[in-house]
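Colleague: Below is the structure I would like to discuss, written out as structure tokens.
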Amino acid sequence: MMALVLFLAFVILIFVGVPVAFSLGISSAIYLVIEGIPLNIAAQKMYAGIDSFVLICIPGFVLAGNLMNTGGITKRIIEFSNSILGFVRGGLGLANVAASMIFAGISGTALADTASIGGILIPAMKEEGYDADFSVAVTASSSTIGPIIPPSLPMIIAGTLTGVSVGKLFLAGMIPGLLLGLSLMGISYYISVKRNHPKGQKQPLKVIIKTFFGAFWAILMTVLILYGILGGVFTPTEASIMAVVYGVIVGKFVYKELKFRDMPRIIVESMRGTAAIMILVGFANVFAWILASEQIPQMIAEGILAISTNKIVVILLINALLLFVGMFMETIAALVILFPVLLPVAISVGMDPIQFGVMCVLNLVIGLCTPPVGVCLFVASNIGKISLVRATKAIMPFVLVSLAVLALVSFVPAVTTFLPSLMSGN
């Protein structure tokens, strides 16, 4: 009965527009008050949720992304992508996806991708003659590549929750991230041909080489982070600090666009972003503790296995649950609450924890492009100045393609486990 009160309070708060983090906190507080549990337990559980050495890397990666973005990396990534793909029909749409794939190695978050790349490319695409709804759809959908290709903040959270290697989760996201990017390019090209979207001029080799060296430093950052973590040179937390140092050097001395007077603003923005994530993780951990005390995880696990113990059916049911939750809840909050609950169920039917981690994150980031809480779709439609209804209709083909990649991740283990197995010597 009290679990129902908890869920009802949370859902009502979400639908009246209260931010997800505070919806989790307020609904948890209501539960604690009604049950007569001291509120100081909330502070204890919040602290327990964020008291992790690995989570220290979040402010580092957030700051590194802001440094690189302010240092001029976004426009260089777009220029490089457009120099290669701009001559194809709908080339600016393809360049949009390619830019997201490269930018994913810096930001690790979908929302940063949408805001940074969308802020430049959506107006540019509209000016070139692309449909506004297509421009919004391709930007929002491609931004979901960010949390899949390393470094990925959701992967860090998933690894922290269960002790699964963050480095292996990073590596496991590489192939799915590439597949997702190529698939989104495919549907973008198909729609562009069908709608007769414009195409640009083919660029000479010297222009491509010049723009490549502009984007090279973004690509190198991802390589350095992966090599450092997987090679045992440094931990994910140390990698985030190296990324900050790298971002300062590239922005200040290579691109020469990062000014020291910009640093206070960048640091404050990074502090706000980090604080928002940490508050979300803390409140979500309180919510998850209440669910555990009400034995909701056991009920969910027993409910899924009561329907079937067949591996395919169980994976389909888990996917359906995660997709549904992803439509209503922010990715990190959903991970904190559901990942520890569903992982034992997945393992019980023979699923690899690394594979499940990538599947879980991919499920939830697809929800970033679907109403009612699709924040990437909200941001992109706002930049494109179109209604959410129109944006939702336009993004459906891209969502279907993303679901096809999700099916591969869910039912073909090698897609996610091949690269980590190479690194572990298996």
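Residues are named by chain letter and number: chains run A, B, ... in the order of the structure tokens, numbers start at 1 in each chain, and ligands are numbered from 1 in the order shown.
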Per residue of segment 169-237 of chain A within 12 Å of segment 253-267 of chain A, note the shortest atom pair and the distance in Å to one decimal, counting only C-alpha atoms, and order the rows by chain and increasing residue number, as CSV.
Modeller:
```
residue,atom,partner,partner_atom,distance
A:Phe213,CA,A:Val254,CA,10.7
A:Gly214,CA,A:Tyr255,CA,8.2
A:Ala215,CA,A:Tyr255,CA,10.5
A:Phe216,CA,A:Val254,CA,11.2
A:Trp217,CA,A:Val254,CA,9.0
A:Ala218,CA,A:Tyr255,CA,11.5
```
Colleague: Taking 5 positions as the minimum chain separation for residues in the same chain, which residues sit within 10 Å of Val11 of chain A when counting only C-alpha atoms? Answer as an MDAnalysis selection string.
Modeller: chainID A and resid 5:6 16 18 20 23:24 27 328:329
Colleague: A:Val286, A:Ile84, A:Ala112, A:Leu153: which is nearest Ala21 of chain A, counting only C-alpha atoms?
Modeller: A:Val286
Colleague: In Å, with one decimal, what is the gap from atom CA of Leu8 of chain A to atom CA of Val325 of chain A?
Modeller: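 Computing it gives 14.6 Å between the two atoms.
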